[in-house]
Amino acid sequence: QGQLVESGGGLVQPGGALRLSCAASGFTFRVSDMGWYRQAPGKQRESVATISNGGSTNYADSVRGRFSISRDNANNAVYLQMNSLKPEDTAVYYCYCRVIGRGYWGQGTQVTVSS
């Protein structure tokens, strides 16, 4: 059974930067789409950024131009560089991947943007 492990969350001041990392392991078949989602208190989980095997990316309007997603296919890893962070970016961030049509989630990492 495959799993996803995230790292890199924490507390940062507004305007600061963080880099999230996620490693997928234990999957028998190829990992296709990967991405990052987030869930703030009292809100639904939302897509932040996704990236295909070929490197095509999609971003939420709220983060476009500030966040950048990338991946390392050889190591089944995905990254999220977050710049110019705002208090409204505060949430638990979840790594996601799809393997032969089934979705898998990481355990989540807290990102708090506060002065």
# chains A, B, ... in the order shown; residues from 1 in each chain; ligands from 1

call {"tool": "select_by_dssp", "arguments": {"residues": "chain A", "states": "strand (DSSP E)", "output": "VMD selection string"}}
result
chain A and resid 3 to 7 10 to 12 18 to 25 31 to 39 46 to 51 57 to 59 67 to 72 77 to 82 91 to 99 102 to 105 109 to 113

call {"tool": "residues_around", "arguments": {"residues": "Val5 in chain A", "least_positions_apart": "6", "cutoff": "8 Å", "atoms": "only C-alpha atoms", "output": "PyMOL selection string"}}
result
chain A and resi 22-24+95+106-107

call {"tool": "residues_around", "arguments": {"residues": "Phe67 in chain A", "least_positions_apart": "3", "cutoff": "6 Å", "atoms": "only C-alpha atoms", "output": "list in words"}}
result
Val63, Gln81, Met82 and Asn83 of chain A

call {"tool": "write_last_selection", "arguments": {"atoms": "C-alpha atoms", "output": "mmCIF file, in the first residue's frame"}}
result
data_model
loop_
_atom_site.group_PDB
_atom_site.id
_atom_site.type_symbol
_atom_site.label_atom_id
_atom_site.label_comp_id
_atom_site.auth_asym_id
_atom_site.auth_seq_id
_atom_site.Cartn_x
_atom_site.Cartn_y
_atom_site.Cartn_z
ATOM 1 C CA VAL A 63 -2.106 31.509 -5.406
ATOM 2 C CA GLN A 81 7.290 26.734 -3.260
ATOM 3 C CA MET A 82 5.148 29.330 -1.538
ATOM 4 C CA ASN A 83 6.221 32.961 -1.728
#

call {"tool": "closest_residue", "arguments": {"among": "A:Pro87, A:Gly35, A:Gly16, A:Gly42", "to": "Gly103 in chain A", "atoms": "only C-alpha atoms"}}
result
A:Gly35

call {"tool": "residues_around", "arguments": {"residues": "Lys43 in chain A", "least_positions_apart": "6", "cutoff": "12 Å", "atoms": "only C-alpha atoms", "output": "list of chain:residue names"}}
result
A:Glu88, A:Thr90, A:Ala91, A:Val92

call {"tool": "write_last_selection", "arguments": {"atoms": "all heavy atoms", "output": "PDB file, in the first residue's frame"}}
result
ATOM      1  N   GLU A  88      -4.306  34.578   4.830  1.00  0.00           N
ATOM      2  CA  GLU A  88      -5.359  33.717   4.289  1.00  0.00           C
ATOM      3  C   GLU A  88      -4.834  32.417   3.682  1.00  0.00           C
ATOM      4  O   GLU A  88      -5.613  31.549   3.268  1.00  0.00           O
ATOM      5  CB  GLU A  88      -6.220  34.461   3.258  1.00  0.00           C
ATOM      6  CG  GLU A  88      -5.432  35.164   2.170  1.00  0.00           C
ATOM      7  CD  GLU A  88      -5.216  36.639   2.475  1.00  0.00           C
ATOM      8  OE1 GLU A  88      -4.886  36.975   3.644  1.00  0.00           O
ATOM      9  OE2 GLU A  88      -5.343  37.455   1.532  1.00  0.00           O
ATOM     10  N   THR A  90      -3.135  30.445   5.522  1.00  0.00           N
ATOM     11  CA  THR A  90      -3.076  29.568   6.682  1.00  0.00           C
ATOM     12  C   THR A  90      -4.046  28.400   6.513  1.00  0.00           C
ATOM     13  O   THR A  90      -5.232  28.596   6.263  1.00  0.00           O
ATOM     14  CB  THR A  90      -3.420  30.348   7.964  1.00  0.00           C
ATOM     15  OG1 THR A  90      -2.421  31.336   8.185  1.00  0.00           O
ATOM     16  CG2 THR A  90      -3.505  29.415   9.167  1.00  0.00           C
ATOM     17  N   ALA A  91      -3.536  27.189   6.633  1.00  0.00           N
ATOM     18  CA  ALA A  91      -4.347  25.988   6.429  1.00  0.00           C
ATOM     19  C   ALA A  91      -3.483  24.752   6.671  1.00  0.00           C
ATOM     20  O   ALA A  91      -2.256  24.862   6.816  1.00  0.00           O
ATOM     21  CB  ALA A  91      -4.911  25.942   5.020  1.00  0.00           C
ATOM     22  N   VAL A  92      -4.144  23.608   6.701  1.00  0.00           N
ATOM     23  CA  VAL A  92      -3.414  22.345   6.620  1.00  0.00           C
ATOM     24  C   VAL A  92      -3.279  22.007   5.139  1.00  0.00           C
ATOM     25  O   VAL A  92      -4.273  22.001   4.409  1.00  0.00           O
ATOM     26  CB  VAL A  92      -4.158  21.225   7.366  1.00  0.00           C
ATOM     27  CG1 VAL A  92      -3.405  19.899   7.201  1.00  0.00           C
ATOM     28  CG2 VAL A  92      -4.309  21.571   8.834  1.00  0.00           C
TER      29      VAL A  92
END

call {"tool": "closest_residue", "arguments": {"among": "A:Asn58, A:Gln39, A:Thr50, A:Ser115", "to": "Arg71 in chain A", "atoms": "only C-alpha atoms"}}
result
A:Thr50

call {"tool": "select_by_dssp", "arguments": {"residues": "range 43-89 of chain A", "states": "helix (DSSP H, G or I)", "output": "PyMOL selection string"}}
result
chain A and resi 73-75+87-89

call {"tool": "residues_around", "arguments": {"residues": "Ala77 in chain A", "least_positions_apart": "2", "cutoff": "12 Å", "atoms": "only C-alpha atoms", "output": "ChimeraX atom specification"}}
result
/A:3-7,20-25,31-36,51,53,69-75,79-80,95-97
